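Visitor: Structure in structure tokens, see below.
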Amino acid sequence: MRNKFLQDLGENLSERGLSFKAIEKILRPYEIHFIEAEAQGKTYEEIVNELESIGDIADKFAPKDVIPIRSASTSAEDLEYVEERKPKKSNGFVLAILILALVLLNVFIFIPVGLGIFAGLIALLAIPFSLGTVAISALLYGATYVNGHLFVLSIVSRIALPLGILGVCIFFFIGLYYLFKYFFKGVAGFSRLQASIFRRNK
């Protein structure tokens, strides 16, 4: 009979949306109460009459987040707390502060810093193009201007210098490619981070 009471109570709690773990915690003190009352010679009917109805017990536990359960015969060690997690309600004030903080950080810190880095990368592109003009001048005319001075090149230098400059430009462009690549990846990752922070607090 004891098992029937506990089974009916468990089913009633389950219908109210409580988890299996929470139901186990709720049933434990009642099971202890039954065992101790039966040891005192009480009948099933007497024990049930001492308790609230199954519906009242289920109503008491279902709507609350944290509820202490103590039967008349349980000790402090038997005191159980039932924790039911409920979805957090959106806090409009906190969300507004978060949005304002992100906007200010973007406008005054992240966007200016990002634009500065991007402008620096664009400026670096001028270096290989400048070196390219030196290489073309040396190859076509056998002479080139460096810091306003005209240098006439020998035949070997006329071939070797453009090739050397071409190699430097290739390495420079490869380096710039990876710099731009990781810059845009960083911008995309940072945007996703801000979006995830917003979604978690929405």
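Ordering of the structure tokens sets the chain letters (A, B, ...); residue numbers start at 1 within each chain; ligands are numbered from 1 in the order shown.
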Give me the residues within 9 Å of A:Leu9 as a ChimeraX atom specification, counting only C-alpha atoms and dropping any in the same chain fewer than 5 places off.

Guide: /A:4,14,23,27,54-55,57-58

Visitor: Would you list, as a ChimeraX atom specification, the residues of chain A that end up in strand (DSSP E or B) under DSSP run on this structure's backbone?

Guide: /A:66-69,80-83,143-146,149-152

Visitor: Just want the 7 Å neighbourhood of stretch 165-171 of chain A, counted on only C-alpha atoms, with same-chain residues fewer than 4 positions away dropped. Output as a VMD selection string.

Guide: chain A and resid 128 131 135 161 175

Visitor: Using only C-alpha atoms, which residues sit within 9 Å of A:Gly10 once same-chain residues fewer than 2 positions away are excluded, as an NGL selection string?

Guide: :A and (5-8 or 12-15 or 20 or 23-24 or 26-27 or 58)

Visitor: Those selected residues, please, written with N, CA, C and O atoms and delivered as a PDB file, in the first residue's frame.

Guide:
ATOM      1  N   PHE A   5       0.813   4.595  -2.698  1.00  0.00           N
ATOM      2  CA  PHE A   5       0.741   6.017  -2.370  1.00  0.00           C
ATOM      3  C   PHE A   5       1.900   6.765  -3.030  1.00  0.00           C
ATOM      4  O   PHE A   5       1.705   7.822  -3.652  1.00  0.00           O
ATOM      5  N   LEU A   6       3.115   6.227  -2.887  1.00  0.00           N
ATOM      6  CA  LEU A   6       4.287   6.886  -3.462  1.00  0.00           C
ATOM      7  C   LEU A   6       4.230   6.905  -4.982  1.00  0.00           C
ATOM      8  O   LEU A   6       4.621   7.889  -5.619  1.00  0.00           O
ATOM      9  N   GLN A   7       3.714   5.814  -5.574  1.00  0.00           N
ATOM     10  CA  GLN A   7       3.604   5.760  -7.028  1.00  0.00           C
ATOM     11  C   GLN A   7       2.595   6.786  -7.531  1.00  0.00           C
ATOM     12  O   GLN A   7       2.850   7.507  -8.509  1.00  0.00           O
ATOM     13  N   ASP A   8       1.431   6.869  -6.859  1.00  0.00           N
ATOM     14  CA  ASP A   8       0.417   7.850  -7.264  1.00  0.00           C
ATOM     15  C   ASP A   8       0.935   9.278  -7.114  1.00  0.00           C
ATOM     16  O   ASP A   8       0.705  10.134  -7.973  1.00  0.00           O
ATOM     17  N   ASN A  12       1.572  12.009 -10.115  1.00  0.00           N
ATOM     18  CA  ASN A  12       0.939  13.328 -10.040  1.00  0.00           C
ATOM     19  C   ASN A  12       1.970  14.446 -10.206  1.00  0.00           C
ATOM     20  O   ASN A  12       1.742  15.441 -10.897  1.00  0.00           O
ATOM     21  N   LEU A  13       3.123  14.263  -9.571  1.00  0.00           N
ATOM     22  CA  LEU A  13       4.189  15.262  -9.699  1.00  0.00           C
ATOM     23  C   LEU A  13       4.750  15.299 -11.114  1.00  0.00           C
ATOM     24  O   LEU A  13       5.071  16.363 -11.644  1.00  0.00           O
ATOM     25  N   SER A  14       4.854  14.133 -11.731  1.00  0.00           N
ATOM     26  CA  SER A  14       5.359  14.056 -13.097  1.00  0.00           C
ATOM     27  C   SER A  14       4.445  14.791 -14.062  1.00  0.00           C
ATOM     28  O   SER A  14       4.906  15.460 -14.997  1.00  0.00           O
ATOM     29  N   GLU A  15       3.136  14.679 -13.840  1.00  0.00           N
ATOM     30  CA  GLU A  15       2.168  15.374 -14.691  1.00  0.00           C
ATOM     31  C   GLU A  15       2.298  16.883 -14.568  1.00  0.00           C
ATOM     32  O   GLU A  15       1.921  17.620 -15.468  1.00  0.00           O
ATOM     33  N   PHE A  20      12.542  13.766 -12.922  1.00  0.00           N
ATOM     34  CA  PHE A  20      12.640  12.514 -12.175  1.00  0.00           C
ATOM     35  C   PHE A  20      13.467  12.692 -10.906  1.00  0.00           C
ATOM     36  O   PHE A  20      13.115  12.173  -9.837  1.00  0.00           O
ATOM     37  N   ILE A  23      11.430  14.542  -8.285  1.00  0.00           N
ATOM     38  CA  ILE A  23      10.384  13.677  -7.721  1.00  0.00           C
ATOM     39  C   ILE A  23      10.985  12.720  -6.698  1.00  0.00           C
ATOM     40  O   ILE A  23      10.396  12.478  -5.635  1.00  0.00           O
ATOM     41  N   GLU A  24      12.163  12.194  -6.982  1.00  0.00           N
ATOM     42  CA  GLU A  24      12.827  11.298  -6.028  1.00  0.00           C
ATOM     43  C   GLU A  24      13.095  12.008  -4.706  1.00  0.00           C
ATOM     44  O   GLU A  24      12.897  11.437  -3.630  1.00  0.00           O
ATOM     45  N   ILE A  26      11.448  14.515  -3.474  1.00  0.00           N
ATOM     46  CA  ILE A  26      10.177  14.771  -2.786  1.00  0.00           C
ATOM     47  C   ILE A  26       9.654  13.508  -2.120  1.00  0.00           C
ATOM     48  O   ILE A  26       9.156  13.535  -0.987  1.00  0.00           O
ATOM     49  N   LEU A  27       9.757  12.379  -2.800  1.00  0.00           N
ATOM     50  CA  LEU A  27       9.185  11.130  -2.288  1.00  0.00           C
ATOM     51  C   LEU A  27       9.964  10.570  -1.106  1.00  0.00           C
ATOM     52  O   LEU A  27       9.396   9.869  -0.264  1.00  0.00           O
ATOM     53  N   ALA A  58       1.146  17.551  -4.274  1.00  0.00           N
ATOM     54  CA  ALA A  58       1.667  17.897  -5.604  1.00  0.00           C
ATOM     55  C   ALA A  58       1.531  19.382  -5.874  1.00  0.00           C
ATOM     56  O   ALA A  58       2.438  20.015  -6.437  1.00  0.00           O
TER      57      ALA A  58
END

Visitor: I'd like the contact shell of stretch 180-196 of chain A - 10 Å cut-off, only C-alpha atoms, skipping same-chain residues fewer than 2 positions apart - returned as a list in words.

Guide: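 These residues fall inside the cut-off: Ile99, Leu102, Phe110, Ile111, Gly114, Ile117, Phe118, Leu121, Ile122, Gly175, Leu176, Tyr177, Tyr178, Phe198, Arg199, Arg200, Asn201 and Lys202 of chain A.
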
Visitor: So how far away is atom CA of A:Ala39 from atom CA of A:Lys25, in Å?

Guide: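 That distance, rounded to one decimal, is 22.2 Å.
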
Visitor: State, in Å with one decimal place, the distance from atom CA of A:Ile197 to atom CA of A:Leu95.

Guide: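 We find that atom CA of A:Ile197 and atom CA of A:Leu95 lie 10.2 Å from each other.
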
Visitor: If you measure from atom CA of A:Glu50 to atom CA of A:Lys21, what distance in Å do you get, rounded to one decimal?

Guide: 25.6 Å

Visitor: Which of these, A:Ser157, A:Thr43, A:Thr144, A:Asn49, has the shortest distance to A:Gly132 once you count only C-alpha atoms?

Guide: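 Among the listed residues, the smallest separation from A:Gly132 belongs to A:Thr144.
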
Visitor: I need the residues in chain A that are helix (DSSP H, G or I) according to DSSP; give them as an MDAnalysis selection string.

Guide: chainID A and resid 2:15 20:39 44:50 54:61 76:78 92:124 126:141 155:200
